[in-house]
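A.B. asks: Structure file start_13.csv (CSV, C-alpha atoms and all ligand atoms) is given on the next line.
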chain,number,residue,atom,x,y,z
A,23,GLU,CA,148.7,105.2,212.1
A,24,LYS,CA,151.1,102.8,210.4
A,25,GLY,CA,148.0,100.9,209.2
A,26,GLY,CA,149.2,97.6,210.7
A,27,TYR,CA,152.7,97.8,209.2
A,28,ASP,CA,155.8,97.9,211.4
A,29,HIS,CA,157.2,101.0,209.7
A,30,PHE,CA,156.0,103.9,207.6
A,31,MET,CA,158.3,102.9,204.8
A,32,LEU,CA,156.7,99.5,204.4
A,33,LYS,CA,153.3,101.0,204.6
A,34,GLU,CA,154.2,103.5,201.9
A,35,ILE,CA,155.8,100.8,199.7
A,36,HIS,CA,152.4,99.0,199.9
A,37,GLU,CA,150.5,102.1,199.2
A,38,GLN,CA,152.0,102.5,195.7
A,39,PRO,CA,149.2,100.9,193.7
A,40,LYS,CA,146.7,103.2,195.2
A,41,ALA,CA,149.0,106.2,195.1
A,42,ILE,CA,149.6,105.7,191.4
A,43,ILE,CA,145.8,105.4,190.7
A,44,ASP,CA,145.3,108.6,192.7
A,45,THR,CA,148.0,110.3,190.6
A,46,TYR,CA,146.4,109.4,187.2
A,47,ARG,CA,142.8,109.5,188.3
A,48,GLY,CA,140.8,112.2,186.3
A,49,ARG,CA,143.9,112.8,184.2
A,50,MET,CA,144.3,109.6,182.2
A,51,LEU,CA,141.2,108.7,180.3
A,52,PRO,CA,142.0,105.4,178.4
A,53,ASN,CA,138.5,105.0,177.0
A,54,GLU,CA,138.5,108.4,175.5
A,55,GLY,CA,142.2,108.2,174.5
A,56,LEU,CA,143.0,111.4,176.3
A,57,ILE,CA,145.2,112.8,179.0
A,58,LYS,CA,144.0,115.9,180.7
A,59,MET,CA,146.4,118.0,182.9
A,60,SER,CA,145.4,121.6,183.3
A,61,GLY,CA,149.0,122.7,184.1
A,62,ILE,CA,150.1,121.3,180.7
A,63,ASP,CA,146.9,122.2,178.7
A,64,ASP,CA,147.1,125.8,179.8
A,65,ASN,CA,150.7,126.1,178.8
A,66,LEU,CA,150.9,123.7,175.9
A,67,ASN,CA,152.6,126.1,173.5
A,68,LYS,CA,155.4,126.7,176.0
A,69,PHE,CA,156.2,123.0,176.0
A,70,LEU,CA,155.7,122.5,172.3
A,71,ASN,CA,157.9,125.4,171.4
A,72,ALA,CA,160.6,124.8,174.1
A,73,ASN,CA,164.2,124.6,172.9
A,74,ARG,CA,164.7,122.1,175.6
A,75,ILE,CA,163.5,121.0,179.0
A,76,ILE,CA,165.7,121.3,182.0
A,77,ILE,CA,164.7,119.1,184.9
A,78,ILE,CA,166.0,120.1,188.4
A,79,ALA,CA,165.8,118.1,191.6
A,80,CYS,CA,167.7,116.4,194.4
A,81,GLY,CA,168.1,112.8,195.5
A,82,THR,CA,165.3,110.4,194.7
A,83,SER,CA,163.4,113.2,192.9
A,84,TRP,CA,166.5,113.6,190.7
A,85,HIS,CA,166.4,109.9,189.8
A,86,ALA,CA,162.8,110.3,188.8
A,87,GLY,CA,163.9,113.3,186.7
A,88,LEU,CA,166.4,111.0,184.9
A,89,VAL,CA,163.6,108.6,184.0
A,90,GLY,CA,161.7,111.6,182.8
A,91,GLU,CA,164.6,112.5,180.5
A,92,TYR,CA,164.4,109.1,178.9
A,93,LEU,CA,160.6,109.3,178.6
A,94,LEU,CA,160.4,112.8,177.2
A,95,GLU,CA,163.1,112.3,174.7
A,96,ASP,CA,161.9,108.9,173.5
A,97,MET,CA,158.2,109.8,173.3
A,98,ALA,CA,158.0,113.6,172.8
A,99,ARG,CA,161.4,114.1,171.1
A,100,ILE,CA,162.2,117.2,173.2
A,101,PRO,CA,165.9,117.6,174.3
A,102,VAL,CA,166.1,117.2,178.1
A,103,GLU,CA,168.8,117.9,180.6
A,104,VAL,CA,168.6,116.7,184.2
A,105,GLU,CA,170.5,118.7,186.8
A,106,TYR,CA,171.2,118.5,190.5
A,107,ALA,CA,169.6,121.7,191.8
A,108,SER,CA,172.6,122.4,193.9
A,109,GLU,CA,175.0,122.3,190.9
A,110,PHE,CA,172.6,124.1,188.6
A,111,ARG,CA,172.2,127.1,190.8
A,112,TYR,CA,175.9,127.7,191.3
A,113,ARG,CA,177.3,127.1,187.9
A,114,ASN,CA,176.1,130.2,186.0
A,115,PRO,CA,173.8,128.1,183.8
A,116,ILE,CA,172.6,129.2,180.4
A,117,ILE,CA,168.9,129.7,180.6
A,118,THR,CA,166.7,131.5,178.2
A,119,PRO,CA,162.9,132.3,177.9
A,120,ASN,CA,162.7,129.5,175.5
A,121,ASP,CA,163.6,126.9,178.1
A,122,VAL,CA,161.1,125.1,180.2
A,123,VAL,CA,162.2,124.0,183.6
A,124,ILE,CA,160.6,121.2,185.4
A,125,ALA,CA,161.3,121.1,189.2
A,126,ILE,CA,160.6,117.9,191.0
A,127,SER,CA,160.2,117.7,194.8
A,128,GLN,CA,158.2,115.5,197.1
A,129,SER,CA,158.3,118.0,200.0
A,130,GLY,CA,158.2,121.1,197.9
A,131,GLU,CA,160.6,122.6,200.5
A,132,THR,CA,164.1,121.5,199.4
A,133,ALA,CA,166.3,124.7,199.6
A,134,ASP,CA,168.5,124.0,196.6
A,135,THR,CA,165.6,123.2,194.4
A,136,LEU,CA,163.7,126.3,195.5
A,137,ALA,CA,166.8,128.5,194.8
A,138,ALA,CA,167.3,126.9,191.4
A,139,ILE,CA,163.7,127.7,190.5
A,140,LYS,CA,164.1,131.4,191.5
A,141,LEU,CA,167.2,131.6,189.4
A,142,ALA,CA,165.5,130.0,186.3
A,143,LYS,CA,162.6,132.4,186.8
A,144,SER,CA,164.9,135.4,186.9
A,145,LYS,CA,166.2,134.4,183.5
A,146,GLY,CA,162.7,134.3,182.0
A,147,ALA,CA,162.2,130.5,181.9
A,148,PHE,CA,158.8,128.9,182.4
A,149,VAL,CA,158.9,126.8,185.5
A,150,PHE,CA,156.7,123.8,186.0
A,151,GLY,CA,156.6,122.0,189.4
A,152,ILE,CA,156.0,118.3,190.2
A,153,CYS,CA,155.4,118.3,194.0
A,154,ASN,CA,153.6,116.1,196.5
A,155,VAL,CA,152.9,118.5,199.3
A,156,VAL,CA,150.1,120.8,198.4
A,157,GLY,CA,150.7,124.5,198.9
A,158,SER,CA,154.4,123.9,199.6
A,159,SER,CA,157.0,126.6,198.8
A,160,ILE,CA,158.0,125.0,195.5
A,161,ALA,CA,154.3,124.5,194.5
A,162,ARG,CA,153.8,128.2,195.1
A,163,GLU,CA,156.9,129.5,193.5
A,164,THR,CA,156.4,127.7,190.1
A,165,HIS,CA,154.3,129.1,187.3
A,166,ALA,CA,152.2,125.9,186.9
A,167,GLY,CA,152.5,122.3,187.9
A,168,ALA,CA,151.0,118.9,188.6
A,169,TYR,CA,150.7,117.4,192.1
A,170,THR,CA,151.6,113.7,192.6
A,171,HIS,CA,148.7,113.0,195.0
A,172,ALA,CA,150.8,110.3,196.7
A,173,GLY,CA,149.4,111.2,200.1
A,174,PRO,CA,151.7,112.0,203.0
A,175,GLU,CA,155.2,110.4,202.9
A,176,ILE,CA,156.6,110.0,206.4
A,177,GLY,CA,159.4,107.5,206.0
A,178,VAL,CA,162.6,109.4,205.3
A,179,ALA,CA,163.4,107.0,202.4
A,180,SER,CA,161.3,108.1,199.5
A,181,THR,CA,159.2,105.3,197.9
A,182,LYS,CA,155.7,106.2,196.7
A,183,ALA,CA,156.9,109.8,195.9
A,184,PHE,CA,159.3,108.3,193.4
A,185,THR,CA,156.8,106.1,191.6
A,186,THR,CA,154.1,108.8,191.5
A,187,GLN,CA,156.7,111.3,190.2
A,188,ILE,CA,157.5,108.8,187.4
A,189,THR,CA,153.7,108.5,186.8
A,190,VAL,CA,153.3,112.2,186.3
A,191,LEU,CA,156.4,112.4,184.0
A,192,THR,CA,154.9,109.5,182.0
A,193,LEU,CA,151.6,111.3,181.6
A,194,ILE,CA,153.4,114.5,180.5
A,195,SER,CA,155.6,112.7,178.0
A,196,LEU,CA,152.6,110.9,176.5
A,197,LYS,CA,150.5,114.0,176.4
A,198,LEU,CA,153.3,116.0,174.7
A,199,ALA,CA,154.0,113.2,172.3
A,200,LYS,CA,150.4,113.1,171.2
A,201,ALA,CA,150.2,116.9,170.9
A,202,LYS,CA,153.5,117.0,168.8
A,203,GLY,CA,152.5,114.0,166.7
A,204,THR,CA,155.7,112.1,167.6
A,205,MET,CA,153.6,109.1,168.7
A,206,SER,CA,150.8,107.6,166.8
A,207,ASP,CA,147.3,107.6,168.2
A,208,SER,CA,147.3,103.8,168.4
A,209,ALA,CA,150.5,103.7,170.4
A,210,PHE,CA,149.2,106.4,172.7
A,211,ARG,CA,146.1,104.5,173.4
A,212,MET,CA,148.1,101.3,173.9
A,213,TYR,CA,150.2,103.1,176.5
A,214,LEU,CA,147.1,104.3,178.4
A,215,GLN,CA,145.8,100.7,178.5
A,216,LYS,CA,149.2,99.4,179.7
A,217,MET,CA,149.5,102.2,182.3
A,218,GLN,CA,146.1,101.3,183.7
A,219,LEU,CA,147.4,97.7,184.4
A,220,ILE,CA,150.5,98.9,186.4
A,221,PRO,CA,148.8,99.2,189.8
A,222,ALA,CA,147.6,95.6,189.7
A,223,LYS,CA,151.0,94.5,188.6
A,224,ILE,CA,152.7,96.3,191.5
A,225,GLU,CA,150.1,94.6,193.8
A,226,GLY,CA,151.3,91.3,192.5
A,227,LEU,CA,154.9,92.2,193.0
A,228,LEU,CA,154.3,93.1,196.6
A,229,LYS,CA,153.4,89.5,197.2
A,230,ILE,CA,156.9,88.3,196.4
A,231,ASP,CA,158.0,89.9,199.6
A,232,GLU,CA,159.1,86.5,201.2
A,233,LYS,CA,161.4,85.8,198.3
A,234,VAL,CA,163.0,89.3,198.6
A,235,LYS,CA,163.4,88.7,202.3
A,236,GLU,CA,165.3,85.5,201.6
A,237,ILE,CA,167.7,87.4,199.3
A,238,ALA,CA,168.1,90.1,201.9
A,239,ALA,CA,169.1,87.5,204.5
A,240,VAL,CA,171.8,86.1,202.2
A,241,TYR,CA,173.4,89.5,201.4
A,242,LYS,CA,172.7,91.6,204.4
A,243,ASP,CA,176.3,91.5,205.7
A,244,ALA,CA,177.8,92.6,202.4
A,245,LYS,CA,180.0,95.7,202.7
A,246,ASN,CA,179.5,96.9,199.1
A,247,CYS,CA,176.9,96.3,196.4
A,248,LEU,CA,176.5,97.3,192.8
A,249,TYR,CA,173.3,98.1,191.0
A,250,LEU,CA,173.2,98.0,187.2
A,251,GLY,CA,170.6,98.9,184.6
A,252,ARG,CA,170.4,100.3,181.1
A,253,GLY,CA,168.1,102.7,179.4
A,254,PHE,CA,164.9,103.5,181.4
A,255,ASN,CA,166.3,101.3,184.2
A,256,PHE,CA,169.6,103.0,184.6
A,257,PRO,CA,168.0,105.6,187.0
A,258,VAL,CA,166.3,102.7,188.8
A,259,ALA,CA,169.7,101.2,189.5
A,260,LEU,CA,170.8,104.6,191.0
A,261,GLU,CA,167.7,104.7,193.1
A,262,GLY,CA,168.1,101.1,194.3
A,263,ALA,CA,171.6,101.9,195.5
A,264,LEU,CA,170.5,105.1,197.2
A,265,LYS,CA,167.7,103.2,199.1
A,266,LEU,CA,170.3,100.6,200.3
A,267,LYS,CA,172.8,103.3,201.4
A,268,GLU,CA,170.4,105.5,203.3
A,269,ILE,CA,168.6,103.0,205.4
A,270,SER,CA,171.0,100.1,205.7
A,271,TYR,CA,174.3,102.1,205.7
A,272,ILE,CA,175.7,99.6,203.2
A,273,HIS,CA,177.9,101.2,200.5
A,274,ALA,CA,176.2,100.7,197.2
A,275,GLU,CA,176.7,102.2,193.8
A,276,GLY,CA,174.4,102.4,190.8
A,277,TYR,CA,175.9,102.3,187.3
A,278,PRO,CA,174.8,102.0,183.7
A,279,ALA,CA,175.5,98.4,183.1
A,280,ALA,CA,177.9,99.1,180.1
A,281,GLU,CA,180.0,101.5,182.2
A,282,MET,CA,181.1,98.6,184.4
A,283,LYS,CA,184.0,97.7,182.1
A,284,HIS,CA,185.3,101.2,182.4
A,285,GLY,CA,186.3,100.8,186.1
A,286,PRO,CA,183.9,99.3,188.6
A,287,ILE,CA,184.5,95.8,187.2
A,288,ALA,CA,187.7,95.9,189.2
A,289,LEU,CA,185.7,95.7,192.4
A,290,ILE,CA,184.1,92.4,191.5
A,291,ASP,CA,184.9,89.3,193.5
A,292,GLU,CA,182.9,86.5,195.2
A,293,ASN,CA,181.9,88.9,198.0
A,294,MET,CA,180.2,91.4,195.8
A,295,PRO,CA,176.5,91.2,195.2
A,296,ILE,CA,175.4,92.8,192.0
A,297,PHE,CA,171.8,93.7,191.3
A,298,VAL,CA,171.1,93.8,187.6
A,299,ILE,CA,167.9,94.8,185.8
A,300,ALA,CA,167.5,92.7,182.7
A,301,THR,CA,164.0,93.2,181.4
A,302,ASN,CA,163.2,91.5,178.1
A,303,LYS,CA,163.0,94.6,175.9
A,304,GLY,CA,165.6,96.7,177.5
A,305,HIS,CA,168.8,96.0,175.5
A,306,TYR,CA,168.4,92.5,176.8
A,307,GLU,CA,171.2,90.8,174.9
A,308,LYS,CA,173.6,93.5,176.0
A,309,VAL,CA,172.7,93.1,179.6
A,310,VAL,CA,173.1,89.3,179.4
A,311,SER,CA,176.7,89.8,178.2
A,312,ASN,CA,177.3,92.3,181.1
A,313,ILE,CA,176.0,89.5,183.4
A,314,GLN,CA,178.3,87.0,181.9
A,315,GLU,CA,181.3,89.3,182.4
A,316,ILE,CA,180.4,89.6,186.1
A,317,LYS,CA,179.9,85.8,186.5
A,318,SER,CA,183.3,85.1,185.0
A,319,ARG,CA,184.7,87.2,187.8
A,320,SER,CA,182.7,85.3,190.5
A,321,GLY,CA,180.4,88.1,191.4
A,322,LYS,CA,177.0,87.2,192.8
A,323,ILE,CA,174.1,88.1,190.5
A,324,ILE,CA,170.6,89.0,191.7
A,325,ALA,CA,168.7,89.8,188.5
A,326,ILE,CA,165.3,91.4,187.9
A,327,VAL,CA,163.9,89.8,184.8
A,328,THR,CA,160.6,89.7,182.9
A,329,GLU,CA,158.3,86.8,183.8
A,330,GLY,CA,159.2,83.7,181.8
A,331,ASP,CA,162.8,84.6,181.3
A,332,VAL,CA,165.1,81.6,180.7
A,333,GLN,CA,168.5,83.0,179.6
A,334,VAL,CA,169.4,85.1,182.7
A,335,ARG,CA,167.9,82.5,185.1
A,336,GLU,CA,170.7,80.1,183.9
A,337,ILE,CA,173.5,82.4,184.9
A,338,ALA,CA,172.1,84.4,187.9
A,339,ASP,CA,172.3,83.3,191.5
A,340,HIS,CA,168.8,84.7,192.2
A,341,VAL,CA,166.1,86.0,189.9
A,342,ILE,CA,163.1,88.2,190.7
A,343,GLU,CA,160.4,88.3,188.1
A,344,ILE,CA,158.4,91.4,187.1
A,345,PRO,CA,155.2,91.2,185.0
A,346,GLU,CA,155.4,92.0,181.3
A,347,THR,CA,154.8,95.7,180.2
A,348,GLU,CA,156.2,98.2,177.8
A,349,GLU,CA,159.8,98.9,178.5
A,350,ALA,CA,159.1,102.6,179.1
A,351,LEU,CA,156.8,101.6,182.0
A,352,THR,CA,159.1,99.1,183.6
A,353,PRO,CA,160.7,101.5,186.1
A,354,LEU,CA,157.4,101.5,187.9
A,355,LEU,CA,157.8,97.8,188.5
A,356,THR,CA,161.6,97.2,188.7
A,357,THR,CA,161.9,99.7,191.5
A,358,ILE,CA,159.6,97.7,193.9
A,359,PRO,CA,161.9,94.8,194.6
A,360,PHE,CA,164.7,97.2,195.4
A,361,GLN,CA,162.6,99.1,197.9
A,362,LEU,CA,161.6,95.9,199.6
A,363,LEU,CA,165.1,94.6,199.6
A,364,SER,CA,166.6,97.7,201.3
A,365,TYR,CA,163.7,97.7,203.8
A,366,HIS,CA,164.3,94.0,204.8
A,367,VAL,CA,168.1,94.4,205.0
A,368,ALA,CA,167.7,97.5,207.2
A,369,VAL,CA,165.3,95.7,209.5
A,370,MET,CA,167.5,92.6,209.7
A,371,LEU,CA,170.5,94.8,210.6
A,372,GLY,CA,168.4,96.5,213.3
A,373,LYS,CA,168.6,100.0,211.7
A,374,ASN,CA,166.0,102.7,212.3
A,375,VAL,CA,164.2,102.4,209.0
A,376,ASP,CA,161.9,105.4,209.2
A,377,GLN,CA,164.5,107.8,210.7
A,378,PRO,CA,167.9,106.9,209.3
A,379,ARG,CA,170.9,108.6,211.0
A,380,ASN,CA,172.0,112.0,209.6
A,381,LEU,CA,169.0,112.4,207.3
A,382,ALA,CA,166.0,114.7,207.4
A,383,LYS,CA,162.7,114.3,205.5
A,384,SER,CA,162.9,117.7,204.1
A,385,VAL,CA,166.3,119.4,203.5
A,386,THR,CA,165.6,123.1,204.0
A,387,VAL,CA,169.2,124.1,204.3
A,388,GLU,CA,171.6,124.1,201.4
A,401,LIG,C1,165.9,109.7,199.4
A,401,LIG,C2,165.3,111.0,199.8
A,401,LIG,C3,166.0,112.2,199.4
A,401,LIG,C4,165.1,113.2,198.7
A,401,LIG,C5,165.7,114.5,198.4
A,401,LIG,C6,164.8,115.5,197.7
A,401,LIG,O1,165.1,108.6,199.8
A,401,LIG,O2,164.3,111.0,200.4
A,401,LIG,O3,167.1,111.9,198.5
A,401,LIG,O4,164.6,112.6,197.6
A,401,LIG,O5,166.2,115.1,199.6
A,401,LIG,O6,163.7,115.7,198.4
A,401,LIG,P1,162.4,116.4,197.8
A,401,LIG,O7,161.8,115.5,196.8
A,401,LIG,O8,161.4,116.6,198.9
A,401,LIG,O9,162.8,117.7,197.2
Here is a file; write its structure as structure tokens.
C.D. replies:
Amino acid sequence: EKGGYDHFMLKEIHEQPKAIIDTYRGRMLPNEGLIKMSGIDDNLNKFLNANRIIIIACGTSWHAGLVGEYLLEDMARIPVEVEYASEFRYRNPIITPNDVVIAISQSGETADTLAAIKLAKSKGAFVFGICNVVGSSIARETHAGAYTHAGPEIGVASTKAFTTQITVLTLISLKLAKAKGTMSDSAFRMYLQKMQLIPAKIEGLLKIDEKVKEIAAVYKDAKNCLYLGRGFNFPVALEGALKLKEISYIHAEGYPAAEMKHGPIALIDENMPIFVIATNKGHYEKVVSNIQEIKSRSGKIIAIVTEGDVQVREIADHVIEIPETEEALTPLLTTIPFQLLSYHVAVMLGKNVDQPRNLAKSVTVE
């Protein structure tokens, strides 16, 4: 049942190219220059006339929501707020019938997310669900939605759910951008072409497993780690840190790279591994100077860079290359090495990868 893999998590990491294809199949039509999603098509005016979009979710799904914020604002120019469902539901939020709420949940059973949806509905908002489990409570409670089609996710640490959630959010953002005219037709078509190349690029990245394993072996005994990224890859830094925490029990924190100088830089010494995403179009020069600040304090740098990078390679202790793509699509690639890294560290430390302590696959209590 694990398809020849030692753990469900590793199997699910490797399923991502197929899961992403399953998610966009029949929806994304690059030759016709079209994205078809009935849940959006049937409610297009609600999205186009929305004052703002509020995304609610927990954990990894919340991280996907943050990527969604960057995508929707950048492409479709709609204001977006991303909220932890547990905070949203208890803070007397301002919600109006002109708000569109997007709830994201792999299981479709997360109690806080479900309660937040009910609250938003009671205030008249239109609620759109992005769920993986078909027929789940959240899928039933929302007005419309789009399934991720990732297939069953059994490992407690979410992997393919995250990348397929981002895939759905990318399709929605592109579709709304086209409908609103905030993106040219040529840019839209270019994105569809680039999106279609992502699964093969992930396939290629999965082959660097041995290199990630070597890095895991060097840093597996670290007590603390930092994950840094900017822009579209800031949420990927948060997700990288969460993956390490939950299955390796190593304390890790994700930060926007520029926030480091406002506090966390005090933590840096020669024992601190710092994972930095430095893709070539993502505020590259700024990230390079963040890396230099870390290096001058003796921190160890493991950088995720774009193929062919020279500048970061000179300063970093280790580099992992991802293939070139549009910056907005890089989270689908940069997240892969982080998933593999946490997996290998957890295995090397002898932890129960698929069933980490204190965690449940679906959190049906608040
Ligand atoms: C992390 C993880 C959790 C879930 C969170 C939300 O790997 O699995 O953080 O992402 O509990 O779960 P869903 O998406 O089912 O609502």
A.B. asks: Between atom C3 of ligand LIG 401 (chain A) and atom CA of His29 of chain A, measure the distance and give it in Å to one decimal.
C.D. replies: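 Value for the atom C3 of ligand LIG 401 (chain A)-atom CA of His29 of chain A distance: 17.6 Å.
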A.B. asks: To check your reading of the model: which residues sit at most 6 Å from ligand LIG 401 (chain A) when counting only C-alpha atoms and all ligand atoms? Write the answer as a ChimeraX atom specification.
C.D. replies: /A:80-83,127-130,132,178-180,384-385
A.B. asks: Between atom CA of Gly321 of chain A and atom CA of Ile269 of chain A, measure the distance and give it in Å to one decimal.
C.D. replies: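 These two atoms are separated by 23.6 Å.
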A.B. asks: Which neighbours of Leu289 of chain A fall inside 10 Å, counting only C-alpha atoms, when residues of the same chain fewer than 4 positions from it are skipped, and could you give them as a ChimeraX atom specification?
C.D. replies: /A:246-248,282,285,293-294,319,321
A.B. asks: Val341 of chain A: which residues within 7 Å, counting all atoms listed in the file, same-chain residues fewer than 5 positions away excluded, as a ChimeraX atom specification?
C.D. replies: /A:324-327,335
A.B. asks: Could you give me, as a list in words, the residues within 9 Å of Cys153 of chain A, counting all atoms listed in the file and dropping anything in the same chain fewer than 6 positions from it?
C.D. replies: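 With the cut-off at 9 Å, the set is Ala125, Ile126, Ser127, Gln128, Ser129, Gly130, Ile160, Ala161, Gly167, Ala168, Tyr169, Thr170, His171, Ala183 and Gln187 of chain A.
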A.B. asks: With distances taken over all atoms listed in the file, which residue among A:Ile75, A:Leu141, A:Val190, A:Ile344 lies nearest Phe110 of chain A?
C.D. replies: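 The closest residue to Phe110 of chain A is A:Leu141.
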A.B. asks: Please report, as JSON lines, each residue of segment 220-327 of chain A lying at most 10 Å from segment 378-382 of chain A, together with the nearest pair of atoms and the separation in Å rounded to one decimal; use only C-alpha atoms, and order rows by chain and ascending residue number.
C.D. replies:
{"residue": "A:Lys267", "atom": "CA", "partner": "A:Pro378", "partner_atom": "CA", "distance": 10.0}
{"residue": "A:Glu268", "atom": "CA", "partner": "A:Pro378", "partner_atom": "CA", "distance": 6.6}
{"residue": "A:Ile269", "atom": "CA", "partner": "A:Pro378", "partner_atom": "CA", "distance": 5.6}
{"residue": "A:Ser270", "atom": "CA", "partner": "A:Pro378", "partner_atom": "CA", "distance": 8.3}
{"residue": "A:Tyr271", "atom": "CA", "partner": "A:Pro378", "partner_atom": "CA", "distance": 8.8}
A.B. asks: Need to verify the contact set: Ile230 of chain A, 12 Å, only C-alpha atoms, exclusion of same-chain residues closer than 4 positions in sequence. Can you return it as a PyMOL selection string?
C.D. replies: chain A and resi 223-226+234-237+341-345+358-360+362-363
A.B. asks: Go through segment 100-202 of chain A residue by residue and, counting all atoms listed in the file, keep those with an atom at most 10 Å from segment 346-354 of chain A; for each kept residue give the shortest atom pair and its distance in Å to one decimal, ordered by chain and increasing number, as JSON lines.
C.D. replies:
{"residue": "A:Phe184", "atom": "CA", "partner": "A:Leu354", "partner_atom": "CA", "distance": 8.9}
{"residue": "A:Thr185", "atom": "CA", "partner": "A:Leu354", "partner_atom": "CA", "distance": 5.9}
{"residue": "A:Thr186", "atom": "CA", "partner": "A:Leu354", "partner_atom": "CA", "distance": 8.8}
{"residue": "A:Ile188", "atom": "CA", "partner": "A:Leu354", "partner_atom": "CA", "distance": 7.3}
{"residue": "A:Thr189", "atom": "CA", "partner": "A:Leu354", "partner_atom": "CA", "distance": 8.0}
{"residue": "A:Thr192", "atom": "CA", "partner": "A:Leu351", "partner_atom": "CA", "distance": 8.1}
